[in-house]
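Some notes on the structure that comes next.
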There are 4 protein chains.
Amino acid sequence: MRIAHLGHVELRVPDLAASRAFFTETMGLFVSAEEDGRIHLRAWQDFDRHTLVLTQAGEAALGRIAWRVEAPEDLDRFAAHLARLGVDVEEVPAGSEPGQGRTLRFRSPEDHLLELFYEIERWKERDPALASDVLVHPQRFVGRGVAPRRIDHVTVLGRDVEALQRWLTEALGIRLNYFTEDEGGAMSAAWMSTNPLTHQIAIIRASEPGQTLHHLAYAVDSPDEVMRAARLLVDGGTPIEWGPGIHGTSGGMFLYFREPSGHRMEVWSGAMLLLAPDWEPRRWAPEPFRALGGNLFDAAPPAGFRSWT
Amino acid sequence: MRIAHLGHVELRVPDLAASRAFFTETMGLFVSAEEDGRIHLRAWQDFDRHTLVLTQAGEAALGRIAWRVEAPEDLDRFAAHLARLGVDVEEVPAGSEPGQGRTLRFRSPEDHLLELFYEIERWKERDPALASDVLVHPQRFVGRGVAPRRIDHVTVLGRDVEALQRWLTEALGIRLNYFTEDEGGAMSAAWMSTNPLTHQIAIIRASEPGQTLHHLAYAVDSPDEVMRAARLLVDGGTPIEWGPGIHGTSGGMFLYFREPSGHRMEVWSGAMLLLAPDWEPRRWAPEPFRALGGNLFDAAPPAGFRSWT
Amino acid sequence: MRIAHLGHVELRVPDLAASRAFFTETMGLFVSAEEDGRIHLRAWQDFDRHTLVLTQAGEAALGRIAWRVEAPEDLDRFAAHLARLGVDVEEVPAGSEPGQGRTLRFRSPEDHLLELFYEIERWKERDPALASDVLVHPQRFVGRGVAPRRIDHVTVLGRDVEALQRWLTEALGIRLNYFTEDEGGAMSAAWMSTNPLTHQIAIIRASEPGQTLHHLAYAVDSPDEVMRAARLLVDGGTPIEWGPGIHGTSGGMFLYFREPSGHRMEVWSGAMLLLAPDWEPRRWAPEPFRALGGNLFDAAPPAGFRSWT
Amino acid sequence: MRIAHLGHVELRVPDLAASRAFFTETMGLFVSAEEDGRIHLRAWQDFDRHTLVLTQAGEAALGRIAWRVEAPEDLDRFAAHLARLGVDVEEVPAGSEPGQGRTLRFRSPEDHLLELFYEIERWKERDPALASDVLVHPQRFVGRGVAPRRIDHVTVLGRDVEALQRWLTEALGIRLNYFTEDEGGAMSAAWMSTNPLTHQIAIIRASEPGQTLHHLAYAVDSPDEVMRAARLLVDGGTPIEWGPGIHGTSGGMFLYFREPSGHRMEVWSGAMLLLAPDWEPRRWAPEPFRALGGNLFDAAPPAGFRSWT
């Protein structure tokens, strides 16, 4: 019983048309399905049918975070395990989401909407203009816009970081890889994963009630591609909120900015892979984190951005 | 009296529509003007109104190679100098080519059509979707396709490389930077420039009569961008003819391929700048050229490609 | 019961001094221990005490391939499982290899020497000149030579690729990710993994009896770093055997060359991560493999190199 | 009569041993000569015998800025021209500086020590461990430390930026490429060049009397190499003062830090080349400069660093 990888994330967006234009033209994602008020997107080398779902909504908010489990029978196992923990699980029948099989839907103690599924359509592009001759490629690399290779991670906001981290570990088996502490010794941010990526989900302490999403990250292949994305974003009128920099915690090079509906996005690259089976969660006290953990470099992030420090 | 830089190159193309699609969508150039049978294009950071002209023609052939001189009065000086050398110079009035001023037109001893001009419209993009807030940018960097930064050089074919090289030096002041010799000690290729670029024009010995163009090159910024271009080209059905590799002569990383009308193109990056005023032409004998000069690496180019060796 | 990752590889080298100089100065690995006739090395971000062992020997040959299992109790489970399969397993006591715990040692059906272990010393550099202030770093990044980030994979030679692949899957749980077939439909090469890396071990059909190692690969972070390695190797007198290119099978950019004792090494970067739990082994028939699978580009590898095609 | 390129810069350093270690091991420059209290260094592809001179001194200060002129006879022409302008010129005989020919030495109106020379020894490495088989290379690329390719530019401090800019243009023919203005409309910084590099010398308004050097810059080839340098510097205990970022003025990616004697250094890459003969100086008013000109990104430089704004 194990989560294999982050499947997709739903963003509720007030300006669906503007967000659609940004994610396709500027970010360079591809639409795999589009219906009333809902758009399914994926990066060029995402093998799943979709990794981002945009849903028309009154306010910008985080929707579902959907995880793919390792085996079909893991769904029953997780259902039983979650029931034992007193988690209220909704069974969503196959096909409710296009291309997606049977799904378990439930909420975290801080109300994040989560899903577990196993079946998802493998994408193989049929449009000749986008189909690839390279047999493993789900589609062509066309290099439009930022053109990330794949979804990477989602970072949520929470009031009690440590409690939420413990629940994610206990309920879903997501291990803690590193965390920050505030001056009082309380956990202020946590980075967690179920595979060698340094994190597939992170939690950052919310500065205001009601916040749910800190950012959603897509991965590019190199520092060069991060800088290319940075130039492209700025030159297209999207200012960089923080970065380019390198997180000392993971080694990942980063770039934060806002999509038109207001969600913060990250383009990142190059973090280490945690292949060791006995990686111990690293604790970042306020001081080394301030100097090196948040960013190896001196460039100060904007006031209020690092709400977890 | 000096040539400041390569201005633009005209390619005569049998399939204008296919070449237009390739140069805009795959190469990521931008159309600055389009009229019956003629398209003017430029790379995103080409400051001139156009650096590539595609002209509908029955056969793929090299058209004009147009050079920008350093000062308006250089046109009169070059006209007199060329007349003294017995070169037949045609005066083309300003405006014959859109955006271009008075132009001298003449032919090399091997019939390459050459032009000298000074006035050319500086591009400042007016389409809001492509205009940049960065005041020096002629337009936005949008990262579409290969997205080269600027035109780099043109390589022509000739029967008598040394004679043609000497004529370019004497008539136009283009200095020789490096050259290859065949087993018999005859010059088989020559690379020439009037500014710190290692070459703006090169000559390679033609293997068949009537050939004029070897390739036209646009520059990208890094090895990463060359590899990105390579992946994008191959995945889009354009095979790489030779490369990726690094020319030992210049240090430039290269990639050769064909556009739909059959012209060979090069994407390249990272050659050294020759800033020294007394750079001596380097002679590459067959042996070091075979091992290191053509390509630092072992990957053999296709038969017939290196027609100069 | 699972293999977590490739631990280290032993190379038997006739010229220990020359190989040591190459791996430290040119490749930029670091010596963690050195004793009579045996040197332990690691890349700057290898967390284990060593990932490469050089042993003085009469002939260049592959020594041990050592794997780290996921949990301490996996050693007993693998011992029982291997016994059931009739594999003769030697118990090597903790400390026989410096820094390494209890180890199971056995041979593949084609005589490759294999090891399983769990305990290995985590490296934390004590030399102040190499120690890092970034708390997760095992040591400083000093950027000497090729400076790979970590060990990536080992590729062995075998007479019966399919039989060896099946044994590795059955005995050690290493899954098949992609493979090539020859014209007769026999498996000629196989790439296998136990984690999201596209392969930690591959098998290529041997062209002569007695061969064991095809190559050992270390990973760098970007195409730029591969090209930097290529320039550095060639300029230092180490010719590139094949590359730079991109394997169409994995997307990994590659570079092959020989270390002074004759072993083939690879520097590679940027392959995709296989995060899906249901990745199906991809079959590369001779034709697409020849055109795109081996290398996306046209550059022909040297005769005899691709002995599996 | 023209300056061809920036030749070399002398830094007066209180801690010669520490600066030597930093420039060789961390920056990856090479010592071409060393004598009592004076060290000559060059980057691996600097063709001149030296581009940096470190001189033991009581205080960190800018020493000479030496320029190479285009032709031997330019020295007489400049001597006459400077005399006409009332500049006091000292004739320094050939050989006073090792490897350097006849030299004119004089001071700017703000007391910067300047030199003009033509003859300088072309470097061809004789140490076999550093010699290159690639015939144009002055030495091997060994990739040690930051390993810049060549010297790029020097930025000085001045009290009256506009007066100093005008003098450099009038006395030495260095053209103005772009400049910033303060709120009162006075020139606060100026970037100047005699070749297609965006600047070989820049002037920034000094915040305190007696300051002379703002920074000295060496060039690397790509954003990837800038980030590699950044990681290497920080991991080696040299904090980044500002960056990584991209100057909107030139497009150059930057990184500022201090060498052990206190001089600010820059590693930079990728600025545009100004090939047009009629480039008009661009004026950056305070507002666009603040938003985009200094850095395309949001990361605030440290207080007091941008003393010209």
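So you can find residues: chains in the structure tokens are A, B, ... in the order shown, residues in each start at 1, and ligands are numbered from 1 in order.
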- Task: Can you check which residues of chain B have any atom within 10 Å of chain A? Use only C-alpha atoms and format it as a PyMOL selection string.
- Result: chain B and resi 25-26+28+129-134+137+139-147+221-225+228-229+231-237
Do you know which residues are at most 6 Å from region 284-290 of chain B counting only C-alpha atoms, after dropping those on the same chain fewer than 4 positions away, and could you put them as a CSV table (one decimal) with all heavy atoms, in the first residue's frame?
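The new file out.csv reads:
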```
chain,number,residue,atom,x,y,z
B,180,THR,N,41.2,25.6,-43.9
B,180,THR,CA,41.7,24.2,-44.0
B,180,THR,C,42.4,24.1,-45.4
B,180,THR,O,42.2,24.8,-46.3
B,180,THR,CB,40.6,23.2,-44.0
B,180,THR,OG1,39.7,23.5,-45.1
B,180,THR,CG2,39.8,23.3,-42.7
B,181,GLU,N,43.4,23.1,-45.4
B,181,GLU,CA,44.1,22.8,-46.6
B,181,GLU,C,43.8,21.3,-46.9
B,181,GLU,O,43.7,20.5,-46.0
B,181,GLU,CB,45.6,23.0,-46.4
B,181,GLU,CG,46.0,24.4,-46.5
B,181,GLU,CD,47.5,24.6,-46.4
B,181,GLU,OE1,48.2,23.6,-46.3
B,181,GLU,OE2,48.0,25.7,-46.4
B,182,ASP,N,43.7,21.0,-48.2
B,182,ASP,CA,43.6,19.6,-48.6
B,182,ASP,C,45.0,19.0,-48.6
B,182,ASP,O,46.0,19.6,-48.3
B,182,ASP,CB,42.8,19.4,-49.9
B,182,ASP,CG,43.6,20.1,-51.1
B,182,ASP,OD1,44.8,20.3,-51.0
B,182,ASP,OD2,42.9,20.4,-52.1
B,294,GLY,N,37.2,19.7,-37.4
B,294,GLY,CA,35.8,19.6,-37.8
B,294,GLY,C,34.8,19.5,-36.6
B,294,GLY,O,33.8,20.1,-36.5
```
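With only C-alpha atoms as the basis for measurement, C:Leu54 is the residue among C:Ser108, C:Tyr118, C:Leu54, C:Glu73 that approaches Ala21 (chain C) most closely.
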- From a DSSP calculation on the backbone, collect every residue of region 52-271 of chain B in alpha helix (DSSP H) and output the set as a VMD selection string. chain B and resid 74 to 84 161 to 172 223 to 235
- Query: Can you list, as a PyMOL selection string, every protein, DNA or RNA residue that comes within 7 Å of Leu104 (chain C) when you count only C-alpha atoms, leaving out same-chain residues fewer than 3 positions away?
  - Reply: chain C and resi 89-92+115-117
Emit the selected residues as a JSON list (two decimals), in the first residue's frame, including N, CA, C and O atoms.
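Result went into selection-v6.json, see below:
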```json
[["chain", "number", "residue", "atom", "x", "y", "z"],
["C", 89, "VAL", "N", 24.93, -18.42, -2.11],
["C", 89, "VAL", "CA", 25.15, -17.11, -1.49],
["C", 89, "VAL", "C", 26.21, -17.18, -0.41],
["C", 89, "VAL", "O", 26.13, -17.99, 0.50],
["C", 90, "GLU", "N", 27.20, -16.31, -0.53],
["C", 90, "GLU", "CA", 28.24, -16.21, 0.50],
["C", 90, "GLU", "C", 27.89, -15.09, 1.46],
["C", 90, "GLU", "O", 27.52, -13.99, 1.04],
["C", 91, "GLU", "N", 27.99, -15.36, 2.76],
["C", 91, "GLU", "CA", 27.77, -14.31, 3.77],
["C", 91, "GLU", "C", 29.09, -13.60, 4.03],
["C", 91, "GLU", "O", 30.04, -14.21, 4.50],
["C", 92, "VAL", "N", 29.15, -12.32, 3.73],
["C", 92, "VAL", "CA", 30.37, -11.55, 3.98],
["C", 92, "VAL", "C", 30.12, -10.73, 5.24],
["C", 92, "VAL", "O", 29.19, -9.93, 5.29],
["C", 115, "GLU", "N", 26.41, -8.16, -5.07],
["C", 115, "GLU", "CA", 26.31, -8.08, -3.62],
["C", 115, "GLU", "C", 25.04, -7.33, -3.22],
["C", 115, "GLU", "O", 24.61, -6.41, -3.92],
["C", 116, "LEU", "N", 24.52, -7.74, -2.06],
["C", 116, "LEU", "CA", 23.42, -7.00, -1.44],
["C", 116, "LEU", "C", 23.87, -6.59, -0.03],
["C", 116, "LEU", "O", 24.46, -7.40, 0.68],
["C", 117, "PHE", "N", 23.58, -5.36, 0.33],
["C", 117, "PHE", "CA", 23.93, -4.91, 1.69],
["C", 117, "PHE", "C", 22.89, -3.87, 2.10],
["C", 117, "PHE", "O", 22.15, -3.34, 1.26]]
```
- Item | Contacts of His214 (chain D) at 12 Å (only C-alpha atoms; same-chain gap of 3+ positions) as a PyMOL selection string | chain D and resi 11+60-62+153-158+189+201-208+210-211+217+256-258+262-266+305-308
- Would you kindly return, as a PyMOL selection string, each protein, DNA or RNA residue with an atom no farther than 9 Å from any atom of Trp67 (chain A), considering only C-alpha atoms and excluding same-chain residues fewer than 2 positions away? chain A and resi 3-9+65+69+114-118
- For region 119-122 of chain D, work out the shell of residues within 6 Å, counting only C-alpha atoms and skipping chain neighbours fewer than 6 positions away, then give it as a PyMOL selection string. chain D and resi 47-49+99-101
- Item | Spatial neighbours of Trp279 (chain C), 12 Å, only C-alpha atoms, chain gap at least 6 places, as a PyMOL selection string | (chain A and resi 4+47-48+70-71+122+136) or (chain C and resi 175-178+192-196+198+273)
Residues as selected, all heavy atoms, written as a compact mmCIF listing (two decimals), in the first residue's frame, can you do that?
```
# COMPACT_ATOMS: atom_id res chain seq x y z
N ALA A 4 2.25 6.09 -5.36
CA ALA A 4 3.35 6.04 -6.34
C ALA A 4 3.83 7.46 -6.69
O ALA A 4 5.02 7.74 -6.72
CB ALA A 4 2.91 5.32 -7.61
N PHE A 47 2.98 11.56 -18.53
CA PHE A 47 2.43 10.36 -19.18
C PHE A 47 0.93 10.23 -18.92
O PHE A 47 0.23 9.58 -19.67
CB PHE A 47 3.18 9.11 -18.70
CG PHE A 47 4.62 9.09 -19.14
CD1 PHE A 47 5.64 9.49 -18.30
CD2 PHE A 47 4.95 8.70 -20.43
CE1 PHE A 47 6.96 9.49 -18.71
CE2 PHE A 47 6.27 8.68 -20.86
CZ PHE A 47 7.28 9.09 -20.00
N ASP A 48 0.47 10.85 -17.84
CA ASP A 48 -0.96 10.79 -17.52
C ASP A 48 -1.74 11.76 -18.41
O ASP A 48 -1.20 12.77 -18.89
CB ASP A 48 -1.21 11.17 -16.06
CG ASP A 48 -0.71 10.10 -15.10
OD1 ASP A 48 -0.16 9.08 -15.55
OD2 ASP A 48 -0.85 10.32 -13.88
N GLU A 70 0.09 2.67 -5.98
CA GLU A 70 1.00 1.78 -6.68
C GLU A 70 0.31 0.59 -7.35
O GLU A 70 0.79 0.08 -8.37
CB GLU A 70 2.04 1.25 -5.69
CG GLU A 70 3.24 0.65 -6.39
CD GLU A 70 4.41 0.50 -5.43
OE1 GLU A 70 4.22 -0.07 -4.33
OE2 GLU A 70 5.50 0.97 -5.77
N ALA A 71 -0.79 0.13 -6.79
CA ALA A 71 -1.45 -1.07 -7.33
C ALA A 71 -2.96 -0.90 -7.19
O ALA A 71 -3.42 -0.18 -6.28
CB ALA A 71 -0.99 -2.31 -6.58
N ARG A 122 -3.31 6.64 -20.10
CA ARG A 122 -1.95 7.00 -20.53
C ARG A 122 -2.09 7.84 -21.78
O ARG A 122 -2.75 7.42 -22.73
CB ARG A 122 -1.12 5.76 -20.92
CG ARG A 122 -1.10 4.58 -19.96
CD ARG A 122 -0.05 4.77 -18.91
NE ARG A 122 -0.59 5.67 -17.89
CZ ARG A 122 0.15 6.27 -16.99
NH1 ARG A 122 1.44 6.12 -16.97
NH2 ARG A 122 -0.40 7.05 -16.09
N VAL A 136 8.56 6.30 -26.89
CA VAL A 136 8.21 6.51 -25.48
C VAL A 136 7.56 7.86 -25.20
O VAL A 136 6.99 8.07 -24.14
CB VAL A 136 9.45 6.39 -24.56
CG1 VAL A 136 9.94 4.97 -24.53
CG2 VAL A 136 10.56 7.33 -25.01
N ARG C 175 13.03 -4.59 -12.36
CA ARG C 175 12.04 -4.65 -13.44
C ARG C 175 12.65 -4.22 -14.77
O ARG C 175 13.58 -3.40 -14.84
CB ARG C 175 10.82 -3.78 -13.10
CG ARG C 175 11.09 -2.32 -13.22
CD ARG C 175 9.83 -1.46 -13.06
NE ARG C 175 10.19 -0.06 -13.36
CZ ARG C 175 10.74 0.77 -12.47
NH1 ARG C 175 10.96 0.39 -11.22
NH2 ARG C 175 11.09 2.00 -12.86
N LEU C 176 12.09 -4.77 -15.85
CA LEU C 176 12.53 -4.42 -17.21
C LEU C 176 11.79 -3.16 -17.66
O LEU C 176 10.56 -3.12 -17.61
CB LEU C 176 12.20 -5.58 -18.15
CG LEU C 176 12.51 -5.36 -19.63
CD1 LEU C 176 14.00 -5.18 -19.87
CD2 LEU C 176 11.98 -6.54 -20.46
N ASN C 177 12.52 -2.15 -18.13
CA ASN C 177 11.86 -0.91 -18.58
C ASN C 177 11.81 -0.78 -20.10
O ASN C 177 10.83 -0.28 -20.63
CB ASN C 177 12.56 0.31 -17.98
CG ASN C 177 12.09 0.56 -16.55
OD1 ASN C 177 10.99 0.16 -16.18
ND2 ASN C 177 12.94 1.19 -15.74
N TYR C 178 12.85 -1.18 -20.78
CA TYR C 178 12.81 -1.18 -22.25
C TYR C 178 13.91 -2.11 -22.76
O TYR C 178 14.85 -2.44 -22.02
CB TYR C 178 12.93 0.23 -22.86
CG TYR C 178 13.97 1.13 -22.25
CD1 TYR C 178 15.24 1.24 -22.80
CD2 TYR C 178 13.68 1.90 -21.13
CE1 TYR C 178 16.19 2.08 -22.25
CE2 TYR C 178 14.64 2.74 -20.56
CZ TYR C 178 15.88 2.82 -21.12
OH TYR C 178 16.83 3.65 -20.57
N MET C 192 17.07 -1.93 -16.99
CA MET C 192 16.29 -2.38 -15.83
C MET C 192 16.50 -1.50 -14.61
O MET C 192 17.56 -0.92 -14.43
CB MET C 192 16.73 -3.81 -15.50
CG MET C 192 16.70 -4.76 -16.69
SD MET C 192 17.31 -6.41 -16.27
CE MET C 192 15.99 -6.95 -15.18
N SER C 193 15.50 -1.45 -13.74
CA SER C 193 15.59 -0.56 -12.59
C SER C 193 14.71 -1.04 -11.44
O SER C 193 13.78 -1.83 -11.64
CB SER C 193 15.17 0.86 -13.00
OG SER C 193 15.46 1.78 -12.00
N THR C 194 15.00 -0.54 -10.26
CA THR C 194 14.12 -0.77 -9.11
C THR C 194 13.59 0.53 -8.54
O THR C 194 12.91 0.55 -7.53
CB THR C 194 14.86 -1.50 -7.96
OG1 THR C 194 15.86 -0.61 -7.44
CG2 THR C 194 15.50 -2.79 -8.44
N ASN C 195 13.94 1.64 -9.17
CA ASN C 195 13.45 2.95 -8.71
C ASN C 195 13.16 3.81 -9.94
O ASN C 195 13.26 3.31 -11.07
CB ASN C 195 14.46 3.59 -7.73
CG ASN C 195 15.81 3.88 -8.36
OD1 ASN C 195 15.93 4.15 -9.55
ND2 ASN C 195 16.85 3.82 -7.54
N PRO C 196 12.78 5.08 -9.79
CA PRO C 196 12.36 5.85 -10.97
C PRO C 196 13.46 6.16 -12.00
O PRO C 196 13.15 6.66 -13.07
CB PRO C 196 11.82 7.15 -10.35
CG PRO C 196 11.33 6.74 -9.01
CD PRO C 196 12.37 5.75 -8.54
N THR C 198 15.59 5.49 -15.12
CA THR C 198 15.21 4.61 -16.23
C THR C 198 15.95 3.28 -16.18
O THR C 198 15.42 2.26 -16.57
CB THR C 198 15.49 5.27 -17.60
OG1 THR C 198 16.88 5.62 -17.66
CG2 THR C 198 14.63 6.51 -17.79
N LEU C 273 12.21 10.43 -15.59
CA LEU C 273 12.00 9.62 -14.40
C LEU C 273 10.75 8.79 -14.63
O LEU C 273 9.73 9.32 -15.09
CB LEU C 273 11.81 10.51 -13.17
CG LEU C 273 13.03 11.31 -12.73
CD1 LEU C 273 12.67 12.23 -11.56
CD2 LEU C 273 14.17 10.39 -12.33
```
- Task: Name the residues of region 76-184 of chain B that come out as strand (DSSP E) in a backbone DSSP run; write them as a PyMOL selection string.
- Result: chain B and resi 90-92+103-107+113-117+150-158+175-181
Go ahead and write the selection's residues with N, CA, C and O atoms as a CSV table (one decimal), in the first residue's frame.
```csv
chain,number,residue,atom,x,y,z
B,90,GLU,N,25.8,47.8,-59.4
B,90,GLU,CA,24.5,48.3,-59.7
B,90,GLU,C,24.1,49.1,-58.5
B,90,GLU,O,24.2,48.7,-57.4
B,91,GLU,N,23.6,50.3,-58.8
B,91,GLU,CA,23.0,51.2,-57.7
B,91,GLU,C,21.5,50.9,-57.6
B,91,GLU,O,20.8,51.1,-58.5
B,92,VAL,N,21.2,50.4,-56.4
B,92,VAL,CA,19.8,50.1,-56.2
B,92,VAL,C,19.2,51.2,-55.3
B,92,VAL,O,19.7,51.4,-54.2
B,103,THR,N,21.6,51.1,-52.0
B,103,THR,CA,22.3,49.8,-51.9
B,103,THR,C,23.1,49.6,-53.1
B,103,THR,O,22.8,49.9,-54.2
B,104,LEU,N,24.4,49.1,-52.9
B,104,LEU,CA,25.2,48.7,-54.0
B,104,LEU,C,25.1,47.2,-54.2
B,104,LEU,O,25.1,46.4,-53.3
B,105,ARG,N,24.9,46.8,-55.5
B,105,ARG,CA,24.7,45.4,-55.8
B,105,ARG,C,25.7,44.9,-56.8
B,105,ARG,O,25.9,45.6,-57.8
B,106,PHE,N,26.4,43.8,-56.6
B,106,PHE,CA,27.4,43.3,-57.5
B,106,PHE,C,27.6,41.8,-57.2
B,106,PHE,O,27.0,41.2,-56.4
B,107,ARG,N,28.5,41.2,-58.0
B,107,ARG,CA,28.7,39.7,-57.9
B,107,ARG,C,30.1,39.4,-57.6
B,107,ARG,O,31.0,40.1,-58.1
B,113,LEU,N,25.7,36.8,-55.4
B,113,LEU,CA,25.1,38.1,-55.4
B,113,LEU,C,25.3,38.8,-54.1
B,113,LEU,O,24.8,38.3,-53.1
B,114,LEU,N,26.0,39.9,-54.1
B,114,LEU,CA,26.3,40.6,-52.8
B,114,LEU,C,25.7,42.0,-52.8
B,114,LEU,O,25.6,42.7,-53.9
B,115,GLU,N,25.4,42.5,-51.6
B,115,GLU,CA,24.9,43.9,-51.5
B,115,GLU,C,25.6,44.6,-50.3
B,115,GLU,O,25.9,44.0,-49.3
B,116,LEU,N,25.8,45.9,-50.5
B,116,LEU,CA,26.2,46.8,-49.4
B,116,LEU,C,25.2,47.8,-49.2
B,116,LEU,O,24.7,48.4,-50.1
B,117,PHE,N,24.8,48.1,-47.9
B,117,PHE,CA,23.8,49.1,-47.6
B,117,PHE,C,24.2,49.7,-46.2
B,117,PHE,O,25.0,49.1,-45.5
B,150,ARG,N,19.8,35.7,-32.8
B,150,ARG,CA,20.2,36.6,-34.0
B,150,ARG,C,20.8,35.8,-35.1
B,150,ARG,O,21.3,34.7,-34.9
B,151,ILE,N,20.9,36.4,-36.3
B,151,ILE,CA,21.6,35.8,-37.4
B,151,ILE,C,23.1,35.7,-37.0
B,151,ILE,O,23.6,36.6,-36.3
B,152,ASP,N,23.8,34.7,-37.5
B,152,ASP,CA,25.2,34.6,-37.2
B,152,ASP,C,26.1,34.7,-38.5
B,152,ASP,O,26.9,35.6,-38.6
B,153,HIS,N,26.0,33.7,-39.4
B,153,HIS,CA,26.8,33.7,-40.5
B,153,HIS,C,26.2,32.9,-41.7
B,153,HIS,O,25.3,32.2,-41.5
B,154,VAL,N,26.9,33.1,-42.9
B,154,VAL,CA,26.5,32.4,-44.1
B,154,VAL,C,27.7,31.7,-44.6
B,154,VAL,O,28.8,32.3,-44.6
B,155,THR,N,27.5,30.5,-45.1
B,155,THR,CA,28.7,29.7,-45.6
B,155,THR,C,28.3,29.4,-47.1
B,155,THR,O,27.3,28.7,-47.3
B,156,VAL,N,29.2,29.9,-48.0
B,156,VAL,CA,28.9,29.7,-49.4
B,156,VAL,C,29.8,28.6,-50.0
B,156,VAL,O,30.8,28.2,-49.4
B,157,LEU,N,29.5,28.1,-51.1
B,157,LEU,CA,30.3,27.1,-51.8
B,157,LEU,C,31.0,27.8,-53.0
B,157,LEU,O,30.5,28.8,-53.6
B,158,GLY,N,32.2,27.4,-53.3
B,158,GLY,CA,33.0,28.0,-54.4
B,158,GLY,C,33.9,27.0,-55.0
B,158,GLY,O,34.3,26.0,-54.3
B,175,ARG,N,38.4,39.9,-43.3
B,175,ARG,CA,39.7,39.2,-43.0
B,175,ARG,C,39.5,37.7,-42.9
B,175,ARG,O,38.5,37.2,-42.5
B,176,LEU,N,40.6,37.0,-43.2
B,176,LEU,CA,40.7,35.6,-43.0
B,176,LEU,C,41.0,35.2,-41.6
B,176,LEU,O,42.1,35.7,-41.1
B,177,ASN,N,40.2,34.4,-40.9
B,177,ASN,CA,40.5,34.0,-39.6
B,177,ASN,C,41.1,32.6,-39.4
B,177,ASN,O,42.0,32.3,-38.6
B,178,TYR,N,40.6,31.6,-40.2
B,178,TYR,CA,41.2,30.3,-40.2
B,178,TYR,C,40.8,29.6,-41.5
B,178,TYR,O,39.8,30.0,-42.1
B,179,PHE,N,41.5,28.6,-41.9
B,179,PHE,CA,41.3,27.9,-43.1
B,179,PHE,C,41.8,26.4,-43.1
B,179,PHE,O,42.6,26.1,-42.2
B,180,THR,N,41.2,25.6,-43.9
B,180,THR,CA,41.7,24.2,-44.0
B,180,THR,C,42.4,24.1,-45.4
B,180,THR,O,42.2,24.8,-46.3
B,181,GLU,N,43.4,23.1,-45.4
B,181,GLU,CA,44.1,22.8,-46.6
B,181,GLU,C,43.8,21.3,-46.9
B,181,GLU,O,43.7,20.5,-46.0
```
- Looking at only C-alpha atoms, which of C:Met253, C:Met272, C:Leu135, C:Leu213 is the one that sits closest to Ala230 (chain B)? C:Met253
- Between CA of Ala80 (chain C) and CA of Trp167 (chain C), what is the distance, to one decimal in Å?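 So the answer is 15.7 Å.
CA of Gln45 (chain B) is positioned 26.3 Å from CA of Pro239 (chain B).
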- Message: I'd like the interatomic distance between CA of Glu35 (chain C) and CA of Leu52 (chain C), to a tenth of an Å.
- Response: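 One can read the CA of Glu35 (chain C) to CA of Leu52 (chain C) distance as 14.2 Å.
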